[in-house]
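Coordinates from input_24.cif are shown below (mmCIF, C-alpha atoms).
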data_start
#
loop_
_atom_site.label_atom_id
_atom_site.label_comp_id
_atom_site.auth_asym_id
_atom_site.auth_seq_id
_atom_site.Cartn_x
_atom_site.Cartn_y
_atom_site.Cartn_z
CA MET A 17 36.21 18.43 -20.77
CA SER A 18 34.28 15.52 -22.33
CA ILE A 19 30.50 15.55 -22.26
CA ILE A 20 28.10 12.60 -22.38
CA GLN A 21 24.65 13.50 -23.71
CA ASP A 22 21.31 11.73 -23.54
CA GLY A 23 20.38 11.29 -27.20
CA ARG A 24 16.66 11.05 -26.48
CA VAL A 25 16.33 14.50 -24.94
CA GLY A 26 19.61 16.22 -25.83
CA SER A 27 20.52 17.04 -22.25
CA VAL A 28 23.90 16.51 -20.59
CA ALA A 29 23.93 13.21 -18.72
CA ALA A 30 27.49 13.39 -17.40
CA THR A 31 30.83 15.16 -17.80
CA VAL A 32 34.38 13.90 -17.37
CA ASP A 33 36.71 16.11 -15.32
CA PRO A 34 40.18 15.76 -16.98
CA THR A 35 41.99 17.19 -13.95
CA PHE A 36 40.85 14.50 -11.54
CA ASP A 37 39.83 11.80 -14.06
CA ALA A 38 36.43 11.84 -12.39
CA LEU A 39 32.96 11.32 -13.80
CA ARG A 40 30.50 14.00 -12.69
CA VAL A 41 26.84 13.10 -13.03
CA SER A 42 23.54 14.82 -12.39
CA MET A 43 21.51 12.50 -10.18
CA ARG A 44 17.77 12.58 -10.80
CA PRO A 45 14.81 10.60 -9.47
CA PRO A 46 14.08 7.44 -11.49
CA GLU A 47 11.73 7.84 -14.43
CA LEU A 48 8.86 6.15 -12.66
CA GLU A 49 5.15 6.44 -13.39
CA GLY A 50 4.04 5.82 -9.84
CA ALA A 51 4.78 4.32 -6.43
CA TYR A 52 2.16 2.37 -4.49
CA ARG A 53 1.42 0.41 -1.31
CA LEU A 54 -1.29 -2.15 -0.69
CA CYS A 55 -2.35 -4.07 2.44
CA MET A 56 -4.94 -6.87 2.18
CA THR A 57 -6.49 -9.15 4.83
CA SER A 58 -7.97 -12.59 4.27
CA GLY A 59 -11.16 -14.00 5.67
CA ASN A 60 -11.16 -16.56 8.49
CA ILE A 61 -9.02 -19.33 7.02
CA ALA A 62 -10.47 -22.70 7.95
CA ALA A 63 -8.60 -25.30 9.99
CA THR A 64 -6.65 -27.95 8.04
CA THR A 65 -6.72 -25.88 4.83
CA GLY A 66 -4.20 -27.65 2.63
CA ALA A 67 -1.14 -26.41 0.80
CA GLY A 68 -1.86 -23.92 -1.97
CA ASN A 69 -2.15 -20.34 -3.22
CA GLN A 70 -3.41 -17.71 -0.76
CA PHE A 71 -2.28 -14.39 -2.27
CA SER A 72 -1.85 -13.44 -5.91
CA PHE A 73 -0.30 -10.32 -7.50
CA ARG A 74 -0.28 -9.74 -11.27
CA TYR A 75 1.19 -6.81 -13.23
CA ALA A 76 -0.95 -5.91 -16.25
CA GLY A 77 0.90 -2.82 -17.53
CA THR A 78 3.23 -2.59 -20.52
CA GLY A 79 6.35 -1.29 -18.76
CA ALA A 80 8.07 -2.65 -15.65
CA CYS A 81 6.82 -3.25 -12.11
CA VAL A 82 9.58 -3.23 -9.48
CA ILE A 83 8.75 -4.87 -6.15
CA ASN A 84 10.30 -3.13 -3.13
CA SER A 85 8.90 -5.28 -0.33
CA ILE A 86 6.41 -8.01 0.53
CA ARG A 87 5.44 -8.45 4.19
CA MET A 88 2.99 -10.78 5.83
CA GLY A 89 1.47 -11.46 9.24
CA LEU A 90 -0.64 -14.28 10.65
CA GLN A 91 -3.17 -13.89 13.47
CA THR A 92 -4.64 -16.90 15.26
CA THR A 93 -8.26 -16.16 16.19
CA THR A 94 -9.18 -19.69 17.32
CA ALA A 95 -6.59 -21.89 19.01
CA TYR A 96 -4.94 -24.66 17.00
CA THR A 97 -3.62 -28.06 17.68
CA GLN A 98 -0.01 -26.90 17.70
CA ASN A 99 1.50 -27.03 14.26
CA ALA A 100 4.47 -25.74 12.26
CA MET A 101 3.90 -24.38 8.77
CA SER A 102 5.45 -22.07 6.19
CA HIS A 103 4.51 -19.73 3.35
CA VAL A 104 6.70 -19.50 0.26
CA LEU A 105 6.95 -16.90 -2.52
CA TYR A 106 6.85 -17.97 -6.17
CA VAL A 107 7.45 -15.72 -9.16
CA VAL A 108 4.71 -16.33 -11.77
CA ARG A 109 5.15 -16.07 -15.56
CA GLY A 110 2.56 -15.83 -18.31
CA PHE A 111 -0.65 -14.93 -16.50
CA THR A 112 -3.67 -15.03 -18.80
CA VAL A 113 -6.33 -15.45 -16.08
CA SER A 114 -5.94 -14.08 -12.55
CA ASP A 115 -6.27 -16.20 -9.39
CA LEU A 116 -9.69 -14.90 -8.40
CA THR A 117 -11.72 -17.97 -7.39
CA GLY A 118 -11.91 -18.19 -3.60
CA ALA A 119 -11.00 -14.53 -2.96
CA VAL A 120 -12.39 -12.74 0.06
CA ALA A 121 -15.35 -10.47 -0.72
CA GLY A 122 -13.97 -7.04 -1.55
CA GLY A 123 -10.45 -8.42 -1.34
CA SER A 124 -9.32 -7.51 -4.82
CA TYR A 125 -7.57 -4.58 -6.47
CA THR A 126 -7.78 -4.35 -10.22
CA THR A 127 -6.49 -1.99 -12.89
CA GLY A 128 -8.76 0.93 -13.61
CA SER A 129 -10.84 0.25 -10.52
CA GLY A 130 -10.36 3.73 -9.07
CA LEU A 131 -8.73 2.25 -5.96
CA SER A 132 -5.53 4.26 -6.05
CA GLN A 133 -3.01 3.07 -3.39
CA LYS A 134 -0.83 5.96 -4.65
CA LEU A 135 1.98 7.40 -2.56
CA ARG A 136 1.28 10.71 -4.30
CA GLN A 137 -2.14 11.74 -5.57
CA THR A 138 -0.90 13.05 -8.94
CA MET A 139 0.49 9.64 -9.91
CA PRO A 140 -1.50 7.59 -12.46
CA ALA A 141 -3.68 4.62 -11.53
CA HIS A 142 -1.77 1.43 -10.79
CA GLN A 143 -1.69 -1.46 -13.27
CA ILE A 144 -1.91 -4.47 -10.97
CA VAL A 145 -4.49 -7.10 -10.10
CA ALA A 146 -4.28 -8.64 -6.61
CA TYR A 147 -6.40 -11.15 -4.69
CA ILE A 148 -6.27 -12.64 -1.19
CA CYS A 149 -8.05 -15.80 -0.05
CA SER A 150 -11.28 -15.93 1.92
CA THR A 151 -11.57 -19.19 3.92
CA GLY A 152 -9.20 -21.44 2.00
CA LEU A 153 -7.21 -21.22 -1.23
CA LEU A 154 -7.22 -19.18 -4.45
CA THR A 155 -7.76 -21.14 -7.67
CA GLY A 156 -8.61 -20.59 -11.30
CA GLY A 157 -5.50 -18.75 -12.46
CA THR A 158 -3.37 -19.77 -15.44
CA GLY A 159 0.06 -18.33 -14.62
CA THR A 160 3.02 -20.70 -14.26
CA ASN A 161 5.11 -20.70 -11.07
CA ASP A 162 8.88 -20.76 -11.38
CA PRO A 163 10.24 -24.20 -10.40
CA GLN A 164 11.48 -23.04 -6.98
CA PRO A 165 10.35 -20.28 -4.58
CA ILE A 166 12.53 -17.21 -3.99
CA ALA A 167 11.62 -16.67 -0.31
CA ALA A 168 9.94 -18.37 2.64
CA CYS A 169 8.40 -17.42 5.99
CA HIS A 170 8.07 -20.03 8.75
CA TRP A 171 5.42 -19.95 11.47
CA ASN A 172 4.59 -21.73 14.68
CA GLN A 173 0.83 -22.15 14.97
CA PRO A 174 0.35 -22.19 18.74
CA ASP A 175 -2.34 -23.82 20.83
CA ILE A 176 -3.35 -20.38 22.16
CA ILE A 177 -4.89 -17.30 20.55
CA THR A 178 -2.08 -15.01 19.42
CA ALA A 179 -0.92 -12.61 16.72
CA GLN A 180 2.37 -13.07 14.92
CA GLY A 181 3.43 -9.69 13.59
CA PHE A 182 4.61 -8.72 10.14
CA GLN A 183 7.65 -10.51 8.78
CA ASP A 184 9.61 -9.60 5.66
CA LEU A 185 8.90 -12.23 3.06
CA TYR A 186 10.80 -10.22 0.46
CA SER A 187 12.73 -6.99 0.89
CA ASN A 188 15.43 -5.74 -1.44
CA GLN A 189 16.25 -2.05 -1.40
CA SER A 190 20.01 -2.41 -1.81
CA PRO A 191 21.45 -0.36 -4.73
CA TYR A 192 23.87 -3.24 -5.38
CA SER A 193 21.28 -5.93 -6.01
CA THR A 194 18.59 -6.22 -8.68
CA GLN A 195 15.05 -6.01 -7.34
CA LEU A 196 12.26 -8.36 -8.36
CA THR A 197 11.08 -6.85 -11.65
CA LEU A 198 7.88 -7.88 -13.41
CA THR A 199 6.89 -7.29 -17.02
CA GLN A 200 3.38 -7.56 -18.44
CA ASN A 201 1.41 -10.54 -17.08
CA GLU A 202 4.09 -11.57 -14.63
CA GLY A 203 3.55 -11.57 -10.90
CA PHE A 204 3.93 -13.61 -7.74
CA ARG A 205 1.98 -15.95 -5.48
CA ILE A 206 2.24 -16.57 -1.75
CA VAL A 207 1.65 -20.27 -1.19
CA THR A 208 1.31 -22.21 2.04
CA SER A 209 3.53 -25.27 1.69
CA SER A 210 1.78 -27.30 4.40
CA ALA A 211 -1.70 -27.65 5.85
CA TYR A 212 -3.01 -25.47 8.65
CA GLY A 213 -3.34 -27.14 12.06
CA ALA A 214 -6.52 -28.85 13.21
CA THR A 215 -9.40 -26.96 14.89
CA GLY A 216 -7.86 -23.47 14.60
CA ILE A 217 -8.73 -20.37 12.57
CA SER A 218 -6.27 -17.77 11.22
CA VAL A 219 -6.34 -14.44 9.40
CA LEU A 220 -3.56 -13.66 6.91
CA THR A 221 -2.44 -10.09 6.14
CA VAL A 222 -0.16 -9.20 3.21
CA ALA A 223 1.42 -5.79 2.48
CA VAL A 224 3.17 -4.99 -0.82
CA GLU A 225 5.15 -1.92 -1.88
CA TRP A 226 5.99 -1.43 -5.56
CA MET A 227 6.86 1.07 -8.29
CA GLU A 228 5.77 1.15 -11.94
CA TYR A 229 7.87 2.39 -14.83
CA PRO A 230 6.90 3.27 -18.43
CA ALA A 231 7.78 1.02 -21.35
CA ILE A 232 10.71 3.28 -22.37
CA SER A 233 12.37 2.50 -19.03
CA ALA A 234 11.69 -1.24 -18.94
CA ALA A 235 14.98 -2.12 -20.66
CA PHE A 236 16.96 -0.59 -17.78
CA PHE A 237 15.64 -3.06 -15.18
#

Any chance you could put this one into structure tokens?
Amino acid sequence: MSIIQDGRVGSVAATVDPTFDALRVSMRPPELEGAYRLCMTSGNIAATTGAGNQFSFRYAGTGACVINSIRMGLQTTTAYTQNAMSHVLYVVRGFTVSDLTGAVAGGSYTTGSGLSQKLRQTMPAHQIVAYICSTGLLTGGTGTNDPQPIAACHWNQPDIITAQGFQDLYSNQSPYSTQLTLTQNEGFRIVTSSAYGATGISVLTVAVEWMEYPAISAAFF
């Protein structure tokens, strides 16, 4: 029987059964540092706010950050002149300054802040920086958006007060497809691609689920 060993730790990674020509493996959990969830809510976004950045997520660690899902909801608190709009998701490369100008008070999560968001208490502190807008747009960051978005969410802004529940802006948990994977100083932005309707007020909520892996694992993603 042939044996495949992991050279880093000397343990058996797999064996080949010569009778059935079958590969037998020992399945283990991924070598992750931690798994996290975060939900953030904007301030009261002013009517006719133009197109631009309203949520920013930046990975500041040295390994890999794998995004499991990004969900968002929009609640109308003051009725609009009826309007159609959309939010789009851009991957961002080369952050050197985060998108912090215009963030809602208290609406930020930064590395080493003590705000855990852990799915298990024994996991280490996360390595992300995230901001959500207050009454308009986020500005001041230096990261570069990819040329085209990777996802979009379309809304109908009604002329009545209503809540439009969470929608999946990004969700990829299929074992047959590569997930959005960020390395140091990469991230994403959620951008409204059209202006908000006249007279109304909205509140935006964004929920993100992600996992972080050490540098030794980054090459596998």

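Restricting the calculation to all atoms listed in the file, the smallest distance between A:Ala63 and any of A:Gln183, A:Ser85, A:Thr151, A:Thr78 is found for A:Thr151.
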
Starting from the displayed file, determine the output of the PyMOL selection byres ((chain A and resi 54) around 9) and express the residue list as a list in words.
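Given this file, the PyMOL selection byres ((chain A and resi 54) around 9) evaluates to Tyr52, Arg53, Cys55, Met56, Tyr125, Gln133, Val222, Ala223, Val224, Glu225 and Trp226 of chain A.
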
Okay, now the selection with C-alpha atoms, as a tab-separated table (two decimals), in the frame of the given file?
chain	number	residue	atom	x	y	z
A	52	TYR	CA	2.16	2.37	-4.49
A	53	ARG	CA	1.42	0.41	-1.31
A	55	CYS	CA	-2.35	-4.07	2.44
A	56	MET	CA	-4.94	-6.87	2.18
A	125	TYR	CA	-7.57	-4.58	-6.47
A	133	GLN	CA	-3.01	3.07	-3.39
A	222	VAL	CA	-0.16	-9.20	3.21
A	223	ALA	CA	1.42	-5.79	2.48
A	224	VAL	CA	3.17	-4.99	-0.82
A	225	GLU	CA	5.15	-1.92	-1.88
A	226	TRP	CA	5.99	-1.43	-5.56

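For A:Val219, the residues within 6 Å (counting only C-alpha atoms, excluding itself and residues fewer than 5 positions away along the chain) are Ser58, Asn60, Leu90 and Gln91 of chain A.
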
Using Å and a single decimal, report how far atom CA of A:Ala167 sits from atom CA of A:Pro230.
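Distance reported for this atom pair: 27.4 Å.
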
Six-sided padding of 8 Å per side, axis-aligned box over stretch 201-210 of chain A, centre and edges in Å, one decimal, as lines of an AutoDock Vina configuration file:
center_x = 2.7
center_y = -18.9
center_z = -6.3
size_x = 18.8
size_y = 32.8
size_z = 37.5

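In this structure, atom CA of A:Ala100 sits 22.8 Å away from atom CA of A:Ser72.
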
Could you expand the PyMOL selection byres ((chain A and resi 171) around 10) into the explicit residues it covers here, written as a PyMOL selection string?
chain A and resi 89-90+99-103+169-170+172-174+180

Please produce a file of the residues just selected, as a compact mmCIF listing (two decimals), keeping the file's coordinate frame, where the atoms kept are C-alpha atoms.
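again-v8.txt was written with the following content:
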# COMPACT_ATOMS: atom_id res chain seq x y z
CA GLY A 89 1.47 -11.46 9.24
CA LEU A 90 -0.64 -14.28 10.65
CA ASN A 99 1.50 -27.03 14.26
CA ALA A 100 4.47 -25.74 12.26
CA MET A 101 3.90 -24.38 8.77
CA SER A 102 5.45 -22.07 6.19
CA HIS A 103 4.51 -19.73 3.35
CA CYS A 169 8.40 -17.42 5.99
CA HIS A 170 8.07 -20.03 8.75
CA ASN A 172 4.59 -21.73 14.68
CA GLN A 173 0.83 -22.15 14.97
CA PRO A 174 0.35 -22.19 18.74
CA GLN A 180 2.37 -13.07 14.92

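Compared by their closest atoms to A:Gln200, and using all atoms listed in the file, the residues A:Ala62, A:Gly77, A:Thr158, A:Thr92 rank with A:Gly77 nearest.
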
Within 12 Å of A:Thr112, counting only C-alpha atoms, which residues show up once you throw out same-chain ones fewer than 6 positions away? Write them as a list in words, please.
Arg74, Tyr75, Ala76, Val145, Gly156, Gly157, Thr158, Gly159, Thr160, Gln200, Asn201, Glu202 and Gly203 of chain A

Atom-to-atom span, atom CA of A:Val207 and atom CA of A:Val104, Å:
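Here the two named atoms are 5.3 Å from each other.
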
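The residues returned by the PyMOL selection byres ((chain A and resi 64) around 8) for this structure are Ala62, Ala63, Thr65, Gly66, Ala211, Tyr212, Gly213, Ala214 and Thr215 of chain A.
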
Which of these, A:Pro34, A:Ala80, A:Ala119, A:Ile144, has the shortest distance to A:Glu47 once you count only C-alpha atoms?
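Checking each of A:Pro34, A:Ala80, A:Ala119, A:Ile144 against A:Glu47, counting only C-alpha atoms, the winner is A:Ala80.
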
Which residue gives the smallest distance to A:Phe73 among A:Leu135, A:Ile206, A:Leu196, A:Leu48, with only C-alpha atoms counted?
A:Ile206

Hey, what's within 7 Å of A:Gly216 if we count only C-alpha atoms and toss same-chain stuff fewer than 5 positions away? As JSON, numbers by chain, please?
{"A": [63, 94, 95, 96, 97]}

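Distances to A:Gly59 were evaluated for A:Val107, A:Met139, A:Val32, A:Leu153 using only C-alpha atoms, and the minimum falls at A:Leu153.
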
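Closest approach to A:Arg136 among A:Leu220, A:Ala30, A:Ala38, A:Ala51: A:Ala51, based on only C-alpha atoms.
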
Excluding A:Asp184 and its own-chain neighbours fewer than 4 positions away, which residues fall within 7 Å of it when counting all atoms listed in the file? Please give them as a list in words.
Ile86, Arg87 and Met88 of chain A
